[in-house]
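Take a look at the structure set out below.
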Amino acid sequence: MPDLTPAVRRAVIAEDSVLLRVGLVKVLETAGFEVAAEAGDAQALVAAVERHRPDLAVVDVRMPPGFTDEGVRAALEIRERWPDTAVLMLSQYVEERYAANLLASNTSGIGYLLKQRVADVEEFIEALRRVADGGTALDPQVVAQLLVRRRSDPLERLTEREREVLALMAEGRSNAGIAGALVVSESAVAKHINNILAKLDLPRTDADHRRVLAVLRFLGV
């Protein structure tokens with residue numbers, strides 16, 4: 001009989017803080033990932049991805065030697081050279097422009113979370129798996145800042161509830177997840193999403209692609 005055991009997904013971790021890196025390894029292993037390599041700087045990260053071709057790379061935004069955007073630039077290189085490798089960025093502070101840069105290069109298998117989210121292991125594992133499966137995971141604080149920054153544009157056509165739904169879509173939540181967060185039915189969520197797509201004048205195409213386009217419009221990408 002064929003082996004029906006699901007393949008173990010591999011991950012690479014790039015984080016210069018040894019303590020956080022150890023914690024990430026344990027969380028990823030708890031989530032069922034095999035940690036193929038650990039890196040302390042962006043150059044080592046790219047080399048590790050080239051060698052191991054992991055399913056997921058967990059990357060610190062600011063890394064040696066400059067501690068500016070080395071991790072982001074490495075992530076963009078990874079997405080260009082190995083598009084099958086999903087990337088989850090971790091940041092100490094909200095820097096929403098980096099999330100927009102990543103989404104501009106690819107709209108699937110991307111995550112951007114604050115490091116404090118690692119402490120909520122269950123939610124963090126959910127985000128890890130969602131990104132590895134080709135979805136998105138954006139930190140609620142990033143989404144909140146984008147809402148403040150984008151008050152005077154076509155998104156003003158949306159009602160307050162529709163903006164809440166779009167913000168949760170940007171976090172990467174499914175219709176069921178949005179319904180649970182807002183304590184409404186999934187049919188109500190579907191109706192709100194249809195209204196959002198219509199009000200943003202998005203071209204007629206498959207539903208999943210239009211959903212991504214709506215999030216990109218929200219992010220200003």
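By convention in this document, the chains of the structure tokens carry letters A, B, ... by their order, each chain's residues are numbered from 1, and ligands are numbered from 1 in the order they are shown.
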When DSSP is applied to the backbone of this structure, which of stretch 14-213 of chain A are assigned strand (DSSP E or B)? Write them out as a ChimeraX atom specification. /A:14,33-39,56-60,86-91,110-114,136-138
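Among the candidates A:Val165, A:Ala44, A:Leu213, A:Val87, the one nearest to A:Ile193 when counting only C-alpha atoms is A:Val165.
Residues in contact with A:Leu158 at 10 Å, where only C-alpha atoms are counted and same-chain residues fewer than 5 positions away are skipped, are listed as A:Arg163, A:Glu164, A:Leu166, A:His192, A:Asn195, A:Ile196, A:Lys199, A:Leu200.
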Using only C-alpha atoms, which residue out of A:Arg129, A:Asn175, A:Ser187, A:Leu24 lies closest to A:Gln116? A:Leu24
Residue among A:Lys115, A:Arg62, A:Arg53, A:Arg210 lying closest to A:Gln92, counting only C-alpha atoms: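 The shortest atom-to-atom distance to A:Gln92 comes from A:Lys115.
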Can you list, as a PDB file with C-alpha atoms, in the first residue's frame, every protein, DNA or RNA residue that comes within 12 Å of A:Ala7 when you count only C-alpha atoms, leaving out same-chain residues fewer than 5 positions away?
ATOM      1  CA  GLY A  32       4.872  19.969  12.971  1.00  0.00           C
ATOM      2  CA  PHE A  33       7.681  21.636  11.024  1.00  0.00           C
ATOM      3  CA  GLU A  34      11.215  20.332  10.723  1.00  0.00           C
ATOM      4  CA  ASP A  55       8.508  25.282   2.667  1.00  0.00           C
TER       5      ASP A  55
END
Let's see if you can do this: from backbone DSSP, list all alpha helix (DSSP H) residues in stretch 125-215 of chain A, as a ChimeraX atom specification. /A:125-132,140-149,160-171,175-182,186-199,207-215
Top pick for closest residue to A:Arg21, considering A:Val118, A:Ala42, A:Ala198, A:Ala99 and counting only C-alpha atoms: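 Answer, going by the shortest atom-to-atom distance: A:Val118.
Atom pair atom CA of A:Ala14 / atom CA of A:Ala144 has a distance of 26.6 Å (rounded to one decimal).
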Of the listed residues A:Ile78, A:Ala137, A:Val183, A:Ala36, that which approaches A:Val8 most closely, counting only C-alpha atoms: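 Of the candidates, the smallest distance to A:Val8 is held by A:Ala36.
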Out of A:Gly180, A:Pro54, A:Gly109, A:Gly23, which residue has the shortest atom-to-atom distance to A:Gly134 when counting only C-alpha atoms? A:Gly109
Just the residues within 9 Å of stretch 122-126 of chain A, please, counting only C-alpha atoms, with nothing from its chain fewer than 5 positions along; format it as a PyMOL selection string. chain A and resi 27-28+30-31+113+117+131
Save the residues we just selected, all heavy atoms, as a PDB file, in the first residue's frame?
ATOM      1  N   VAL A  27       8.512  26.309  18.867  1.00  0.00           N
ATOM      2  CA  VAL A  27       7.148  26.540  18.386  1.00  0.00           C
ATOM      3  C   VAL A  27       6.942  25.882  17.025  1.00  0.00           C
ATOM      4  O   VAL A  27       5.914  25.235  16.786  1.00  0.00           O
ATOM      5  CB  VAL A  27       6.851  28.050  18.308  1.00  0.00           C
ATOM      6  CG1 VAL A  27       5.510  28.290  17.619  1.00  0.00           C
ATOM      7  CG2 VAL A  27       6.831  28.661  19.701  1.00  0.00           C
ATOM      8  N   LEU A  28       7.898  26.031  16.140  1.00  0.00           N
ATOM      9  CA  LEU A  28       7.779  25.431  14.810  1.00  0.00           C
ATOM     10  C   LEU A  28       7.727  23.910  14.903  1.00  0.00           C
ATOM     11  O   LEU A  28       6.946  23.259  14.189  1.00  0.00           O
ATOM     12  CB  LEU A  28       8.946  25.877  13.931  1.00  0.00           C
ATOM     13  CG  LEU A  28       8.717  27.242  13.273  1.00  0.00           C
ATOM     14  CD1 LEU A  28       9.985  28.047  13.199  1.00  0.00           C
ATOM     15  CD2 LEU A  28       8.139  27.034  11.886  1.00  0.00           C
ATOM     16  N   THR A  30       6.609  22.237  17.420  1.00  0.00           N
ATOM     17  CA  THR A  30       5.279  21.946  17.968  1.00  0.00           C
ATOM     18  C   THR A  30       4.224  21.974  16.864  1.00  0.00           C
ATOM     19  O   THR A  30       3.271  21.192  16.879  1.00  0.00           O
ATOM     20  CB  THR A  30       4.919  22.971  19.056  1.00  0.00           C
ATOM     21  OG1 THR A  30       5.856  22.879  20.124  1.00  0.00           O
ATOM     22  CG2 THR A  30       3.511  22.721  19.599  1.00  0.00           C
ATOM     23  N   ALA A  31       4.420  22.872  15.900  1.00  0.00           N
ATOM     24  CA  ALA A  31       3.471  23.009  14.789  1.00  0.00           C
ATOM     25  C   ALA A  31       3.665  21.928  13.733  1.00  0.00           C
ATOM     26  O   ALA A  31       2.919  21.890  12.747  1.00  0.00           O
ATOM     27  CB  ALA A  31       3.616  24.384  14.150  1.00  0.00           C
ATOM     28  N   LEU A 113       4.164  39.759  11.090  1.00  0.00           N
ATOM     29  CA  LEU A 113       3.639  39.816  12.446  1.00  0.00           C
ATOM     30  C   LEU A 113       4.634  40.496  13.378  1.00  0.00           C
ATOM     31  O   LEU A 113       5.850  40.485  13.135  1.00  0.00           O
ATOM     32  CB  LEU A 113       3.382  38.404  12.976  1.00  0.00           C
ATOM     33  CG  LEU A 113       2.354  37.535  12.248  1.00  0.00           C
ATOM     34  CD1 LEU A 113       2.323  36.151  12.872  1.00  0.00           C
ATOM     35  CD2 LEU A 113       0.971  38.168  12.278  1.00  0.00           C
ATOM     36  N   ARG A 117       3.590  38.458  19.048  1.00  0.00           N
ATOM     37  CA  ARG A 117       2.574  37.448  18.727  1.00  0.00           C
ATOM     38  C   ARG A 117       3.078  36.037  18.993  1.00  0.00           C
ATOM     39  O   ARG A 117       2.284  35.113  19.128  1.00  0.00           O
ATOM     40  CB  ARG A 117       2.152  37.564  17.251  1.00  0.00           C
ATOM     41  CG  ARG A 117       1.655  38.921  16.826  1.00  0.00           C
ATOM     42  CD  ARG A 117       0.429  39.360  17.575  1.00  0.00           C
ATOM     43  NE  ARG A 117       0.114  40.758  17.273  1.00  0.00           N
ATOM     44  CZ  ARG A 117      -0.712  41.503  17.985  1.00  0.00           C
ATOM     45  NH1 ARG A 117      -1.335  40.981  19.035  1.00  0.00           N
ATOM     46  NH2 ARG A 117      -0.926  42.760  17.649  1.00  0.00           N
ATOM     47  N   VAL A 131       0.317  30.676   6.398  1.00  0.00           N
ATOM     48  CA  VAL A 131       1.301  31.202   5.445  1.00  0.00           C
ATOM     49  C   VAL A 131       1.938  30.063   4.660  1.00  0.00           C
ATOM     50  O   VAL A 131       2.097  30.141   3.434  1.00  0.00           O
ATOM     51  CB  VAL A 131       2.372  32.029   6.182  1.00  0.00           C
ATOM     52  CG1 VAL A 131       3.505  32.416   5.235  1.00  0.00           C
ATOM     53  CG2 VAL A 131       1.747  33.287   6.771  1.00  0.00           C
TER      54      VAL A 131
END
Residues within 6 Å of A:Ile13, please, as a list of chain:residue names. Count only C-alpha atoms; anything in the same chain fewer than 6 positions from it doesn't count.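 Non-adjacent residues within range: A:Glu38, A:Ala57, A:Val58.
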Selection file, N, CA and C atoms, as a JSON list (two decimals), in the first residue's frame:
[["chain", "number", "residue", "atom", "x", "y", "z"],
["A", 38, "GLU", "N", 19.12, 27.27, 10.93],
["A", 38, "GLU", "CA", 18.96, 28.53, 11.65],
["A", 38, "GLU", "C", 20.02, 29.50, 11.15],
["A", 57, "ALA", "N", 10.12, 30.17, 5.44],
["A", 57, "ALA", "CA", 11.22, 30.89, 6.06],
["A", 57, "ALA", "C", 10.63, 31.90, 7.05],
["A", 58, "VAL", "N", 11.07, 31.83, 8.30],
["A", 58, "VAL", "CA", 10.65, 32.79, 9.33],
["A", 58, "VAL", "C", 11.80, 33.77, 9.50]]
Neighbour list for A:Val142 as a VMD selection string, cut-off 6 Å, only C-alpha atoms, skip fewer than 2 positions in-chain: chain A and resid 94 96 139 to 140 144 to 145
For the selection just defined, write its residues with N, CA, C and O atoms to a file, as a PDB file, in the first residue's frame.
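After the write, result24.pdb holds the following:
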ATOM      1  N   VAL A  94       5.808  48.159  14.404  1.00  0.00           N
ATOM      2  CA  VAL A  94       4.934  48.203  13.236  1.00  0.00           C
ATOM      3  C   VAL A  94       5.615  49.017  12.135  1.00  0.00           C
ATOM      4  O   VAL A  94       5.895  50.195  12.307  1.00  0.00           O
ATOM      5  N   GLU A  96       4.514  49.101   8.429  1.00  0.00           N
ATOM      6  CA  GLU A  96       3.597  48.547   7.441  1.00  0.00           C
ATOM      7  C   GLU A  96       4.114  48.634   6.020  1.00  0.00           C
ATOM      8  O   GLU A  96       3.682  47.882   5.144  1.00  0.00           O
ATOM      9  N   ASP A 139      -0.314  41.349  10.848  1.00  0.00           N
ATOM     10  CA  ASP A 139      -0.543  41.702  12.236  1.00  0.00           C
ATOM     11  C   ASP A 139      -1.685  42.712  12.359  1.00  0.00           C
ATOM     12  O   ASP A 139      -1.755  43.678  11.583  1.00  0.00           O
ATOM     13  N   PRO A 140      -2.597  42.516  13.320  1.00  0.00           N
ATOM     14  CA  PRO A 140      -3.694  43.470  13.504  1.00  0.00           C
ATOM     15  C   PRO A 140      -3.225  44.912  13.709  1.00  0.00           C
ATOM     16  O   PRO A 140      -3.906  45.855  13.288  1.00  0.00           O
ATOM     17  N   ALA A 144      -4.360  48.121  11.607  1.00  0.00           N
ATOM     18  CA  ALA A 144      -4.918  49.300  12.268  1.00  0.00           C
ATOM     19  C   ALA A 144      -4.220  50.570  11.799  1.00  0.00           C
ATOM     20  O   ALA A 144      -4.881  51.600  11.549  1.00  0.00           O
ATOM     21  N   GLN A 145      -2.903  50.536  11.643  1.00  0.00           N
ATOM     22  CA  GLN A 145      -2.186  51.720  11.175  1.00  0.00           C
ATOM     23  C   GLN A 145      -2.540  52.053   9.737  1.00  0.00           C
ATOM     24  O   GLN A 145      -2.634  53.216   9.354  1.00  0.00           O
TER      25      GLN A 145
END
Interatomic distance between atom CA of A:Ala75 and atom CA of A:Ala214? 23.3 Å
